[in-house]
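Dumped upload-v6.cif below, it's mmCIF, N, CA and C atoms:
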data_upload
#
loop_
_atom_site.label_atom_id
_atom_site.label_comp_id
_atom_site.auth_asym_id
_atom_site.auth_seq_id
_atom_site.Cartn_x
_atom_site.Cartn_y
_atom_site.Cartn_z
N MET J 1 135.02 -13.35 -53.84
CA MET J 1 134.27 -13.08 -55.06
C MET J 1 134.93 -13.85 -56.19
N ASP J 2 134.17 -14.67 -56.89
CA ASP J 2 134.69 -15.44 -58.01
C ASP J 2 134.47 -14.68 -59.31
N LEU J 3 135.55 -14.60 -60.11
CA LEU J 3 135.51 -13.87 -61.38
C LEU J 3 136.11 -14.71 -62.49
N ILE J 4 135.75 -14.38 -63.73
CA ILE J 4 136.39 -14.95 -64.91
C ILE J 4 137.20 -13.83 -65.54
N LEU J 5 138.49 -14.05 -65.75
CA LEU J 5 139.34 -13.01 -66.32
C LEU J 5 139.14 -12.92 -67.82
N LEU J 6 138.97 -11.69 -68.32
CA LEU J 6 138.79 -11.46 -69.75
C LEU J 6 140.10 -11.09 -70.43
N GLN J 7 141.16 -10.91 -69.65
CA GLN J 7 142.49 -10.66 -70.17
C GLN J 7 143.50 -11.04 -69.10
N LYS J 8 144.76 -11.09 -69.49
CA LYS J 8 145.80 -11.45 -68.53
C LYS J 8 145.97 -10.31 -67.53
N VAL J 9 146.00 -10.67 -66.25
CA VAL J 9 146.20 -9.70 -65.18
C VAL J 9 147.45 -10.13 -64.41
N THR J 10 148.41 -9.23 -64.31
CA THR J 10 149.67 -9.54 -63.64
C THR J 10 149.41 -9.98 -62.21
N ASN J 11 150.09 -11.03 -61.80
CA ASN J 11 150.01 -11.62 -60.46
C ASN J 11 148.63 -12.17 -60.10
N LEU J 12 147.78 -12.40 -61.10
CA LEU J 12 146.46 -12.95 -60.81
C LEU J 12 146.13 -14.14 -61.70
N GLY J 13 146.23 -13.99 -63.01
CA GLY J 13 145.91 -15.11 -63.89
C GLY J 13 145.85 -14.70 -65.35
N ASN J 14 145.52 -15.69 -66.19
CA ASN J 14 145.46 -15.50 -67.63
C ASN J 14 144.02 -15.41 -68.10
N LEU J 15 143.85 -15.17 -69.39
CA LEU J 15 142.55 -15.10 -70.01
C LEU J 15 141.77 -16.39 -69.76
N GLY J 16 140.55 -16.26 -69.27
CA GLY J 16 139.69 -17.42 -69.06
C GLY J 16 139.83 -18.08 -67.71
N ASP J 17 140.80 -17.68 -66.91
CA ASP J 17 140.97 -18.28 -65.59
C ASP J 17 139.83 -17.85 -64.66
N LYS J 18 139.39 -18.79 -63.84
CA LYS J 18 138.40 -18.48 -62.81
C LYS J 18 139.19 -18.23 -61.53
N VAL J 19 139.10 -17.02 -61.01
CA VAL J 19 139.88 -16.64 -59.84
C VAL J 19 138.96 -16.16 -58.73
N SER J 20 139.47 -16.24 -57.52
CA SER J 20 138.76 -15.74 -56.36
C SER J 20 139.55 -14.56 -55.79
N VAL J 21 138.92 -13.40 -55.73
CA VAL J 21 139.57 -12.19 -55.23
C VAL J 21 138.70 -11.56 -54.15
N LYS J 22 139.28 -10.60 -53.45
CA LYS J 22 138.51 -9.87 -52.45
C LYS J 22 137.43 -9.06 -53.17
N PRO J 23 136.27 -8.95 -52.56
CA PRO J 23 135.15 -8.27 -53.24
C PRO J 23 135.46 -6.84 -53.70
N GLY J 24 136.19 -6.08 -52.91
CA GLY J 24 136.50 -4.71 -53.29
C GLY J 24 137.37 -4.63 -54.53
N TYR J 25 138.36 -5.51 -54.63
CA TYR J 25 139.25 -5.54 -55.79
C TYR J 25 138.46 -5.89 -57.05
N GLY J 26 137.58 -6.85 -56.94
CA GLY J 26 136.78 -7.23 -58.09
C GLY J 26 135.77 -6.16 -58.47
N ARG J 27 135.04 -5.66 -57.50
CA ARG J 27 133.96 -4.71 -57.75
C ARG J 27 134.48 -3.33 -58.17
N ASN J 28 135.60 -2.89 -57.60
CA ASN J 28 136.08 -1.53 -57.84
C ASN J 28 137.17 -1.42 -58.89
N PHE J 29 137.82 -2.53 -59.25
CA PHE J 29 138.92 -2.43 -60.20
C PHE J 29 138.74 -3.35 -61.41
N LEU J 30 138.66 -4.65 -61.17
CA LEU J 30 138.65 -5.60 -62.28
C LEU J 30 137.40 -5.50 -63.16
N VAL J 31 136.23 -5.48 -62.56
CA VAL J 31 134.99 -5.45 -63.34
C VAL J 31 134.81 -4.10 -64.06
N PRO J 32 134.97 -2.94 -63.39
CA PRO J 32 134.79 -1.67 -64.10
C PRO J 32 135.77 -1.46 -65.26
N GLN J 33 136.98 -1.99 -65.15
CA GLN J 33 137.96 -1.82 -66.22
C GLN J 33 137.82 -2.87 -67.31
N GLY J 34 136.85 -3.74 -67.19
CA GLY J 34 136.62 -4.73 -68.23
C GLY J 34 137.62 -5.87 -68.24
N LYS J 35 138.30 -6.07 -67.12
CA LYS J 35 139.30 -7.13 -67.04
C LYS J 35 138.69 -8.45 -66.57
N ALA J 36 137.48 -8.40 -66.01
CA ALA J 36 136.85 -9.61 -65.48
C ALA J 36 135.34 -9.43 -65.43
N VAL J 37 134.65 -10.56 -65.34
CA VAL J 37 133.20 -10.57 -65.13
C VAL J 37 132.91 -11.55 -64.00
N PRO J 38 131.82 -11.33 -63.26
CA PRO J 38 131.47 -12.29 -62.20
C PRO J 38 131.25 -13.68 -62.79
N ALA J 39 131.63 -14.70 -62.03
CA ALA J 39 131.58 -16.08 -62.52
C ALA J 39 130.21 -16.70 -62.28
N THR J 40 129.18 -16.12 -62.89
CA THR J 40 127.85 -16.71 -62.83
C THR J 40 127.71 -17.72 -63.96
N ALA J 41 126.71 -18.57 -63.89
CA ALA J 41 126.52 -19.59 -64.93
C ALA J 41 126.31 -18.94 -66.29
N ALA J 42 125.54 -17.86 -66.34
CA ALA J 42 125.29 -17.17 -67.61
C ALA J 42 126.57 -16.56 -68.17
N ASN J 43 127.38 -15.95 -67.29
CA ASN J 43 128.63 -15.34 -67.75
C ASN J 43 129.64 -16.38 -68.21
N VAL J 44 129.67 -17.55 -67.55
CA VAL J 44 130.57 -18.62 -67.97
C VAL J 44 130.20 -19.09 -69.37
N GLU J 45 128.90 -19.26 -69.61
CA GLU J 45 128.43 -19.70 -70.93
C GLU J 45 128.72 -18.64 -71.99
N ALA J 46 128.47 -17.37 -71.66
CA ALA J 46 128.72 -16.27 -72.60
C ALA J 46 130.21 -16.16 -72.90
N PHE J 47 131.04 -16.36 -71.88
CA PHE J 47 132.48 -16.28 -72.09
C PHE J 47 132.95 -17.37 -73.04
N GLU J 48 132.46 -18.58 -72.85
CA GLU J 48 132.89 -19.70 -73.71
C GLU J 48 132.50 -19.46 -75.17
N THR J 49 131.36 -18.81 -75.41
CA THR J 49 130.97 -18.54 -76.79
C THR J 49 131.83 -17.44 -77.42
N LYS J 50 132.32 -16.51 -76.60
CA LYS J 50 133.13 -15.40 -77.11
C LYS J 50 134.63 -15.59 -76.87
N ARG J 51 135.03 -16.77 -76.42
CA ARG J 51 136.42 -17.01 -76.06
C ARG J 51 137.39 -16.69 -77.20
N ALA J 52 137.06 -17.08 -78.42
CA ALA J 52 137.94 -16.83 -79.57
C ALA J 52 138.14 -15.33 -79.78
N ASP J 53 137.07 -14.54 -79.61
CA ASP J 53 137.19 -13.09 -79.76
C ASP J 53 138.11 -12.50 -78.70
N TYR J 54 137.95 -12.96 -77.45
CA TYR J 54 138.81 -12.46 -76.37
C TYR J 54 140.27 -12.84 -76.61
N GLU J 55 140.51 -14.07 -77.09
CA GLU J 55 141.88 -14.50 -77.36
C GLU J 55 142.49 -13.70 -78.50
N ALA J 56 141.71 -13.41 -79.54
CA ALA J 56 142.22 -12.61 -80.66
C ALA J 56 142.56 -11.20 -80.19
N LYS J 57 141.69 -10.63 -79.34
CA LYS J 57 141.95 -9.29 -78.80
C LYS J 57 143.21 -9.29 -77.94
N ALA J 58 143.36 -10.31 -77.10
CA ALA J 58 144.55 -10.42 -76.24
C ALA J 58 145.81 -10.55 -77.07
N ASN J 59 145.75 -11.34 -78.15
CA ASN J 59 146.91 -11.50 -79.02
C ASN J 59 147.26 -10.20 -79.74
N SER J 60 146.26 -9.43 -80.16
CA SER J 60 146.55 -8.15 -80.82
C SER J 60 147.16 -7.15 -79.84
N ILE J 61 146.68 -7.14 -78.60
CA ILE J 61 147.25 -6.25 -77.58
C ILE J 61 148.70 -6.63 -77.30
N LEU J 62 148.97 -7.94 -77.22
CA LEU J 62 150.33 -8.41 -76.99
C LEU J 62 151.23 -8.04 -78.16
N ALA J 63 150.74 -8.19 -79.39
CA ALA J 63 151.53 -7.84 -80.58
C ALA J 63 151.84 -6.34 -80.60
N ASP J 64 150.86 -5.51 -80.22
CA ASP J 64 151.09 -4.06 -80.16
C ASP J 64 152.16 -3.73 -79.12
N ALA J 65 152.09 -4.38 -77.97
CA ALA J 65 153.08 -4.14 -76.91
C ALA J 65 154.47 -4.58 -77.36
N GLN J 66 154.56 -5.70 -78.08
CA GLN J 66 155.86 -6.16 -78.56
C GLN J 66 156.42 -5.21 -79.61
N SER J 67 155.57 -4.67 -80.48
CA SER J 67 156.06 -3.73 -81.48
C SER J 67 156.52 -2.43 -80.81
N ARG J 68 155.80 -1.99 -79.76
CA ARG J 68 156.24 -0.82 -79.01
C ARG J 68 157.58 -1.09 -78.34
N ALA J 69 157.77 -2.30 -77.82
CA ALA J 69 159.02 -2.65 -77.15
C ALA J 69 160.19 -2.57 -78.12
N THR J 70 160.00 -2.98 -79.36
CA THR J 70 161.10 -2.90 -80.34
C THR J 70 161.45 -1.44 -80.64
N LYS J 71 160.46 -0.54 -80.60
CA LYS J 71 160.74 0.88 -80.81
C LYS J 71 161.55 1.46 -79.66
N PHE J 72 161.30 0.98 -78.45
CA PHE J 72 162.02 1.48 -77.28
C PHE J 72 163.40 0.85 -77.12
N GLU J 73 163.67 -0.24 -77.83
CA GLU J 73 164.94 -0.94 -77.69
C GLU J 73 166.09 -0.01 -78.06
N GLY J 74 167.02 0.15 -77.15
CA GLY J 74 168.19 1.00 -77.39
C GLY J 74 167.89 2.49 -77.29
N ALA J 75 166.67 2.86 -76.93
CA ALA J 75 166.31 4.27 -76.85
C ALA J 75 166.86 4.89 -75.57
N SER J 76 167.16 6.16 -75.67
CA SER J 76 167.59 6.89 -74.48
C SER J 76 167.02 8.30 -74.55
N VAL J 77 166.91 8.93 -73.41
CA VAL J 77 166.39 10.28 -73.35
C VAL J 77 167.21 11.05 -72.31
N THR J 78 167.41 12.34 -72.59
CA THR J 78 168.14 13.20 -71.67
C THR J 78 167.16 14.18 -71.03
N ILE J 79 167.22 14.26 -69.72
CA ILE J 79 166.33 15.14 -68.97
C ILE J 79 167.18 16.15 -68.21
N GLY J 80 166.88 17.42 -68.41
CA GLY J 80 167.59 18.47 -67.69
C GLY J 80 166.85 18.82 -66.41
N ALA J 81 167.59 19.00 -65.33
CA ALA J 81 166.98 19.35 -64.04
C ALA J 81 167.92 20.26 -63.27
N HIS J 82 167.36 21.06 -62.39
CA HIS J 82 168.18 21.94 -61.56
C HIS J 82 168.96 21.08 -60.57
N ALA J 83 170.29 21.32 -60.50
CA ALA J 83 171.13 20.52 -59.62
C ALA J 83 172.20 21.39 -58.98
N SER J 84 172.71 20.93 -57.85
CA SER J 84 173.80 21.62 -57.18
C SER J 84 175.11 21.30 -57.89
N THR J 85 176.19 21.94 -57.46
CA THR J 85 177.49 21.68 -58.08
C THR J 85 177.98 20.28 -57.79
N GLU J 86 177.48 19.64 -56.73
CA GLU J 86 177.86 18.26 -56.41
C GLU J 86 177.06 17.24 -57.21
N GLY J 87 176.06 17.69 -57.97
CA GLY J 87 175.27 16.78 -58.78
C GLY J 87 173.99 16.30 -58.12
N LYS J 88 173.63 16.89 -57.00
CA LYS J 88 172.39 16.50 -56.33
C LYS J 88 171.26 17.39 -56.86
N LEU J 89 170.17 16.76 -57.27
CA LEU J 89 169.05 17.50 -57.83
C LEU J 89 168.29 18.25 -56.74
N TYR J 90 167.75 19.42 -57.10
CA TYR J 90 166.94 20.18 -56.16
C TYR J 90 165.52 19.62 -56.07
N GLY J 91 165.17 18.78 -56.97
CA GLY J 91 163.88 18.09 -56.94
C GLY J 91 164.18 16.63 -57.19
N SER J 92 163.41 16.02 -58.05
CA SER J 92 163.68 14.64 -58.44
C SER J 92 163.12 14.42 -59.84
N VAL J 93 163.57 13.35 -60.47
CA VAL J 93 163.06 12.95 -61.77
C VAL J 93 162.31 11.64 -61.55
N GLY J 94 161.01 11.67 -61.78
CA GLY J 94 160.17 10.50 -61.53
C GLY J 94 159.56 9.95 -62.80
N PRO J 95 158.65 9.00 -62.65
CA PRO J 95 158.01 8.36 -63.81
C PRO J 95 157.29 9.34 -64.74
N ARG J 96 156.66 10.35 -64.18
CA ARG J 96 155.94 11.33 -65.01
C ARG J 96 156.91 12.09 -65.90
N ASP J 97 158.06 12.51 -65.34
CA ASP J 97 159.06 13.24 -66.12
C ASP J 97 159.63 12.37 -67.24
N ILE J 98 159.87 11.11 -66.93
CA ILE J 98 160.42 10.18 -67.92
C ILE J 98 159.41 9.94 -69.03
N ALA J 99 158.15 9.73 -68.67
CA ALA J 99 157.10 9.50 -69.67
C ALA J 99 156.93 10.73 -70.57
N GLU J 100 156.96 11.91 -69.98
CA GLU J 100 156.83 13.14 -70.77
C GLU J 100 158.01 13.31 -71.72
N ALA J 101 159.22 12.97 -71.27
CA ALA J 101 160.40 13.11 -72.12
C ALA J 101 160.34 12.15 -73.31
N PHE J 102 159.94 10.91 -73.08
CA PHE J 102 159.83 9.96 -74.19
C PHE J 102 158.70 10.34 -75.14
N THR J 103 157.60 10.83 -74.61
CA THR J 103 156.49 11.26 -75.46
C THR J 103 156.91 12.44 -76.32
N ALA J 104 157.66 13.38 -75.74
CA ALA J 104 158.15 14.52 -76.51
C ALA J 104 159.14 14.08 -77.59
N ALA J 105 159.84 12.97 -77.35
CA ALA J 105 160.80 12.45 -78.32
C ALA J 105 160.12 11.60 -79.40
N GLY J 106 158.79 11.49 -79.34
CA GLY J 106 158.07 10.74 -80.37
C GLY J 106 157.79 9.29 -80.03
N LEU J 107 158.04 8.89 -78.79
CA LEU J 107 157.74 7.53 -78.34
C LEU J 107 156.71 7.62 -77.22
N PRO J 108 155.42 7.51 -77.56
CA PRO J 108 154.37 7.67 -76.53
C PRO J 108 154.53 6.67 -75.39
N LEU J 109 154.41 7.17 -74.17
CA LEU J 109 154.60 6.35 -72.98
C LEU J 109 153.74 6.91 -71.86
N GLU J 110 153.10 6.01 -71.12
CA GLU J 110 152.31 6.41 -69.96
C GLU J 110 153.18 6.31 -68.71
N LYS J 111 152.92 7.16 -67.72
CA LYS J 111 153.73 7.13 -66.51
C LYS J 111 153.57 5.82 -65.74
N SER J 112 152.42 5.16 -65.89
CA SER J 112 152.20 3.89 -65.20
C SER J 112 153.04 2.76 -65.80
N GLU J 113 153.60 2.97 -66.99
CA GLU J 113 154.43 1.95 -67.63
C GLU J 113 155.90 2.05 -67.21
N VAL J 114 156.27 3.13 -66.51
CA VAL J 114 157.64 3.34 -66.08
C VAL J 114 157.82 2.74 -64.69
N ILE J 115 158.79 1.82 -64.56
CA ILE J 115 159.05 1.16 -63.28
C ILE J 115 160.40 1.64 -62.74
N LEU J 116 160.35 2.33 -61.61
CA LEU J 116 161.58 2.77 -60.94
C LEU J 116 161.71 1.96 -59.66
N GLY J 117 162.62 1.01 -59.67
CA GLY J 117 162.75 0.10 -58.54
C GLY J 117 163.14 0.77 -57.24
N GLU J 118 163.99 1.77 -57.31
CA GLU J 118 164.49 2.40 -56.09
C GLU J 118 163.94 3.81 -55.90
N GLY J 119 162.86 4.13 -56.55
CA GLY J 119 162.27 5.45 -56.40
C GLY J 119 162.81 6.44 -57.41
N ALA J 120 162.39 7.69 -57.25
CA ALA J 120 162.76 8.75 -58.18
C ALA J 120 164.27 9.03 -58.11
N PHE J 121 164.80 9.55 -59.23
CA PHE J 121 166.23 9.86 -59.30
C PHE J 121 166.48 11.22 -58.65
N ARG J 122 167.48 11.27 -57.77
CA ARG J 122 167.78 12.50 -57.05
C ARG J 122 169.19 13.01 -57.32
N ASN J 123 169.91 12.34 -58.22
CA ASN J 123 171.26 12.75 -58.57
C ASN J 123 171.43 12.78 -60.08
N VAL J 124 172.39 13.57 -60.54
CA VAL J 124 172.74 13.61 -61.96
C VAL J 124 173.42 12.29 -62.31
N GLY J 125 173.13 11.76 -63.50
CA GLY J 125 173.78 10.52 -63.93
C GLY J 125 172.97 9.77 -64.97
N GLU J 126 173.47 8.56 -65.30
CA GLU J 126 172.78 7.69 -66.26
C GLU J 126 172.10 6.57 -65.48
N TYR J 127 170.88 6.27 -65.87
CA TYR J 127 170.09 5.25 -65.18
C TYR J 127 169.44 4.33 -66.21
N ASP J 128 169.35 3.05 -65.87
CA ASP J 128 168.59 2.10 -66.66
C ASP J 128 167.20 2.00 -66.05
N VAL J 129 166.18 2.16 -66.89
CA VAL J 129 164.80 2.17 -66.43
C VAL J 129 164.05 1.04 -67.13
N VAL J 130 163.23 0.32 -66.39
CA VAL J 130 162.42 -0.76 -66.95
C VAL J 130 161.05 -0.20 -67.33
N LEU J 131 160.61 -0.52 -68.55
CA LEU J 131 159.28 -0.14 -69.01
C LEU J 131 158.42 -1.39 -69.05
N HIS J 132 157.32 -1.37 -68.36
CA HIS J 132 156.38 -2.50 -68.28
C HIS J 132 155.23 -2.19 -69.23
N LEU J 133 155.35 -2.64 -70.49
CA LEU J 133 154.38 -2.30 -71.53
C LEU J 133 153.18 -3.22 -71.57
N HIS J 134 153.32 -4.42 -71.01
CA HIS J 134 152.26 -5.43 -71.01
C HIS J 134 152.64 -6.43 -69.93
N ALA J 135 151.71 -7.27 -69.52
CA ALA J 135 152.01 -8.25 -68.49
C ALA J 135 153.15 -9.18 -68.91
N ASP J 136 153.33 -9.38 -70.22
CA ASP J 136 154.39 -10.26 -70.72
C ASP J 136 155.53 -9.51 -71.39
N VAL J 137 155.46 -8.19 -71.48
CA VAL J 137 156.46 -7.43 -72.25
C VAL J 137 157.09 -6.36 -71.37
N GLU J 138 158.39 -6.48 -71.17
CA GLU J 138 159.17 -5.46 -70.47
C GLU J 138 160.40 -5.16 -71.31
N THR J 139 160.84 -3.92 -71.27
CA THR J 139 162.05 -3.54 -71.98
C THR J 139 162.80 -2.52 -71.12
N SER J 140 164.05 -2.33 -71.44
CA SER J 140 164.89 -1.43 -70.66
C SER J 140 165.35 -0.27 -71.54
N VAL J 141 165.36 0.93 -70.99
CA VAL J 141 165.83 2.12 -71.69
C VAL J 141 166.81 2.87 -70.80
N LYS J 142 167.54 3.78 -71.41
CA LYS J 142 168.51 4.57 -70.66
C LYS J 142 167.97 5.99 -70.48
N VAL J 143 168.06 6.48 -69.25
CA VAL J 143 167.66 7.85 -68.94
C VAL J 143 168.89 8.57 -68.41
N ILE J 144 169.20 9.70 -69.04
CA ILE J 144 170.35 10.51 -68.63
C ILE J 144 169.81 11.78 -67.98
N VAL J 145 170.18 11.98 -66.73
CA VAL J 145 169.76 13.17 -66.00
C VAL J 145 170.96 14.11 -65.95
N GLU J 146 170.76 15.32 -66.51
CA GLU J 146 171.83 16.32 -66.57
C GLU J 146 171.42 17.57 -65.81
N SER J 147 172.43 18.30 -65.38
CA SER J 147 172.18 19.59 -64.76
C SER J 147 171.92 20.60 -65.88
N ASP J 148 170.85 21.37 -65.77
CA ASP J 148 170.56 22.34 -66.82
C ASP J 148 171.07 23.74 -66.48
N ALA J 149 171.80 23.85 -65.39
CA ALA J 149 172.33 25.16 -65.01
C ALA J 149 173.76 25.33 -65.46
#
Written as structure tokens, how would this file's structure read?
Amino acid sequence: MDLILLQKVTNLGNLGDKVSVKPGYGRNFLVPQGKAVPATAANVEAFETKRADYEAKANSILADAQSRATKFEGASVTIGAHASTEGKLYGSVGPRDIAEAFTAAGLPLEKSEVILGEGAFRNVGEYDVVLHLHADVETSVKVIVESDA
């Protein structure tokens, strides 16, 4: 399925690129979310007339992500969890917990923006977490997991 991208999509392409993807990915994800349109002659012509608008929108989204990244720079959050005396958690601290902690601290964050390379945290300690705020913007924050008992 050939599509024209209306915004930058990680691991696929940039604004205005004509890409070929599997039909299910295009039909069920890219098109419904407004990230792409089918590459028909009419859509190609319509895209070229609105290209400046799409580029301005993409630049504003990037600027918003960069301003959010500066707010997260040097930020840290402490999360309390039930743990044994050896420091092993009885559950785990995952992306949802981290997003909720930052949101409660006044820095809105979605769980899909939290990247945990090695999975959820299962021990007490300090961890560096990568936040993927935009296809071009990533920042690192510190998460401290403490025993609350």
Find the residues around stretch 80-91 of chain J up to 6 Å (only C-alpha atoms counted), leave out those fewer than 5 positions away in its own chain, and share them as a ChimeraX atom specification. /J:122-124,145-148
Pick from J:Ala39, J:Gly119, J:Arg68, J:Met1: nearest to J:Tyr25, with only C-alpha atoms counted?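 Among the listed residues, J:Met1 lies closest to J:Tyr25.
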Requested in this report: Point out the residue among J:Phe29, J:Phe72, J:Tyr127, J:Phe102 with the least atom-to-atom distance to J:Lys142, counting only N, CA and C atoms.
Outcome: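 When distances to J:Lys142 are compared using only N, CA and C atoms, the smallest one comes from J:Tyr127.
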**Prompt:** Near stretch 62-65 of chain J, counting all atoms listed in the file, which residues have an atom at most 8 Å away, once you skip same-chain residues fewer than 2 positions from it, shown as a PyMOL selection string?
**Reply:** chain J and resi 56-60+67-71+133-138
Name the residues captured by the PyMOL selection byres ((chain J and resi 35) around 7) when it is applied to the shown file; answer as a ChimeraX atom specification. /J:4-7,29-34,36-37
_I need the residues in chain J that are strand (DSSP E) according to DSSP; give them as a ChimeraX atom specification._
/J:2-5,18-20,36-38,76-81,88-93,114-115,121-123,125-134,137-147
- Query: Pick from J:Thr103, J:Ile144, J:Ile115, J:Leu109: nearest to J:Ile79, with only C-alpha atoms counted?
  - Reply: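 The closest residue to J:Ile79 is J:Ile144.
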Problem - Between atom CA of J:Lys50 and atom C of J:Gly26, distance in Å (one decimal) - result: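 Atom CA of J:Lys50 sits 21.0 Å away from atom C of J:Gly26.
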### Query
Which one of J:Glu55, J:Glu48, J:Glu73, J:Asp128 sits closest to J:Ile98 if you count only C-alpha atoms?
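Closest to J:Ile98 of all the choices is J:Asp128.
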Show which residues sit within 6.5 Å of J:Leu116, as a ChimeraX atom specification. Count only N, CA and C atoms, and ignore same-chain residues fewer than 2 positions away. /J:114,118-120,129-130
Counting only C-alpha atoms, which residue out of J:Asn11, J:Gly117, J:Ala41, J:Val141 sits closest to J:Gly74?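 Once distances to J:Gly74 are computed over only C-alpha atoms, the minimum belongs to J:Val141.
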Hey, what comes out of the PyMOL selection byres ((chain J and resi 17) around 6) on this file? Could you write it as a VMD selection string? chain J and resid 3 to 5 14 to 16 18 to 19
If you take every atom of stretch 118-129 of chain J that the file lists and fit an axis-aligned box around them with 3 Å extra on each side, what centre and edge lengths come out in Å to one decimal, as lines of an AutoDock Vina configuration file?
center_x = 168.0
center_y = 7.3
center_z = -61.5
size_x = 17.5
size_y = 18.6
size_z = 17.2
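Across the structure, atom CA of J:Val77 and atom CA of J:Ile61 are spaced 25.6 Å apart.
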Restricted to C-alpha atoms, what does stretch 15-82 of chain J look like when written out as a PDB file, in the first residue's frame?
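Output below, filename out13.pdb:
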ATOM      1  CA  LEU J  15       6.711  14.636   6.080  1.00  0.00           C
ATOM      2  CA  GLY J  16       5.835  14.299   2.399  1.00  0.00           C
ATOM      3  CA  ASP J  17       7.639  11.006   1.822  1.00  0.00           C
ATOM      4  CA  LYS J  18       5.896   8.457  -0.366  1.00  0.00           C
ATOM      5  CA  VAL J  19       6.244   5.114   1.397  1.00  0.00           C
ATOM      6  CA  SER J  20       5.081   1.578   0.787  1.00  0.00           C
ATOM      7  CA  VAL J  21       3.751  -0.261   3.848  1.00  0.00           C
ATOM      8  CA  LYS J  22       1.749  -3.391   4.537  1.00  0.00           C
ATOM      9  CA  PRO J  23      -1.963  -2.770   3.967  1.00  0.00           C
ATOM     10  CA  GLY J  24      -2.958  -3.485   7.574  1.00  0.00           C
ATOM     11  CA  TYR J  25      -0.439  -1.004   8.999  1.00  0.00           C
ATOM     12  CA  GLY J  26      -1.627   1.700   6.648  1.00  0.00           C
ATOM     13  CA  ARG J  27      -5.349   1.011   6.916  1.00  0.00           C
ATOM     14  CA  ASN J  28      -5.504   0.365  10.673  1.00  0.00           C
ATOM     15  CA  PHE J  29      -2.865   2.720  12.079  1.00  0.00           C
ATOM     16  CA  LEU J  30      -1.392   5.393   9.817  1.00  0.00           C
ATOM     17  CA  VAL J  31      -4.520   6.578   7.987  1.00  0.00           C
ATOM     18  CA  PRO J  32      -6.949   6.591  10.980  1.00  0.00           C
ATOM     19  CA  GLN J  33      -4.458   8.537  13.124  1.00  0.00           C
ATOM     20  CA  GLY J  34      -3.999  11.146  10.420  1.00  0.00           C
ATOM     21  CA  LYS J  35      -0.340  10.321   9.881  1.00  0.00           C
ATOM     22  CA  ALA J  36      -0.747   9.403   6.208  1.00  0.00           C
ATOM     23  CA  VAL J  37      -3.105   9.422   3.238  1.00  0.00           C
ATOM     24  CA  PRO J  38      -3.279   6.981   0.317  1.00  0.00           C
ATOM     25  CA  ALA J  39      -0.993   8.033  -2.540  1.00  0.00           C
ATOM     26  CA  THR J  40      -3.664   8.638  -5.175  1.00  0.00           C
ATOM     27  CA  ALA J  41      -3.214  11.325  -7.829  1.00  0.00           C
ATOM     28  CA  ALA J  42      -5.828  13.539  -6.148  1.00  0.00           C
ATOM     29  CA  ASN J  43      -4.210  13.153  -2.711  1.00  0.00           C
ATOM     30  CA  VAL J  44      -0.739  13.913  -4.112  1.00  0.00           C
ATOM     31  CA  GLU J  45      -2.065  17.130  -5.665  1.00  0.00           C
ATOM     32  CA  ALA J  46      -3.964  18.080  -2.484  1.00  0.00           C
ATOM     33  CA  PHE J  47      -0.884  17.396  -0.375  1.00  0.00           C
ATOM     34  CA  GLU J  48       1.313  19.635  -2.523  1.00  0.00           C
ATOM     35  CA  THR J  49      -1.152  22.522  -2.162  1.00  0.00           C
ATOM     36  CA  LYS J  50      -1.258  22.110   1.640  1.00  0.00           C
ATOM     37  CA  ARG J  51       2.421  21.235   2.106  1.00  0.00           C
ATOM     38  CA  ALA J  52       3.269  24.560   3.804  1.00  0.00           C
ATOM     39  CA  ASP J  53       0.457  24.052   6.336  1.00  0.00           C
ATOM     40  CA  TYR J  54       1.662  20.532   7.147  1.00  0.00           C
ATOM     41  CA  GLU J  55       5.258  21.747   7.537  1.00  0.00           C
ATOM     42  CA  ALA J  56       4.170  24.590   9.840  1.00  0.00           C
ATOM     43  CA  LYS J  57       2.159  22.135  11.951  1.00  0.00           C
ATOM     44  CA  ALA J  58       5.109  19.715  12.107  1.00  0.00           C
ATOM     45  CA  ASN J  59       7.441  22.542  13.167  1.00  0.00           C
ATOM     46  CA  SER J  60       5.056  23.664  15.927  1.00  0.00           C
ATOM     47  CA  ILE J  61       4.752  20.082  17.229  1.00  0.00           C
ATOM     48  CA  LEU J  62       8.553  19.778  17.229  1.00  0.00           C
ATOM     49  CA  ALA J  63       8.910  23.116  19.056  1.00  0.00           C
ATOM     50  CA  ASP J  64       6.379  21.986  21.689  1.00  0.00           C
ATOM     51  CA  ALA J  65       8.281  18.723  22.189  1.00  0.00           C
ATOM     52  CA  GLN J  66      11.578  20.600  22.540  1.00  0.00           C
ATOM     53  CA  SER J  67      10.096  22.971  25.125  1.00  0.00           C
ATOM     54  CA  ARG J  68       8.728  19.974  27.054  1.00  0.00           C
ATOM     55  CA  ALA J  69      12.188  18.370  26.898  1.00  0.00           C
ATOM     56  CA  THR J  70      13.764  21.442  28.522  1.00  0.00           C
ATOM     57  CA  LYS J  71      11.228  21.184  31.370  1.00  0.00           C
ATOM     58  CA  PHE J  72      12.182  17.541  31.935  1.00  0.00           C
ATOM     59  CA  GLU J  73      15.928  18.280  31.822  1.00  0.00           C
ATOM     60  CA  GLY J  74      17.436  17.438  35.204  1.00  0.00           C
ATOM     61  CA  ALA J  75      14.047  16.358  36.573  1.00  0.00           C
ATOM     62  CA  SER J  76      13.731  13.459  38.942  1.00  0.00           C
ATOM     63  CA  VAL J  77      10.874  11.746  40.696  1.00  0.00           C
ATOM     64  CA  THR J  78      10.712   9.440  43.705  1.00  0.00           C
ATOM     65  CA  ILE J  79       8.317   6.508  43.659  1.00  0.00           C
ATOM     66  CA  GLY J  80       7.487   4.537  46.781  1.00  0.00           C
ATOM     67  CA  ALA J  81       6.764   0.824  46.432  1.00  0.00           C
ATOM     68  CA  HIS J  82       6.413  -2.180  48.712  1.00  0.00           C
TER      69      HIS J  82
END
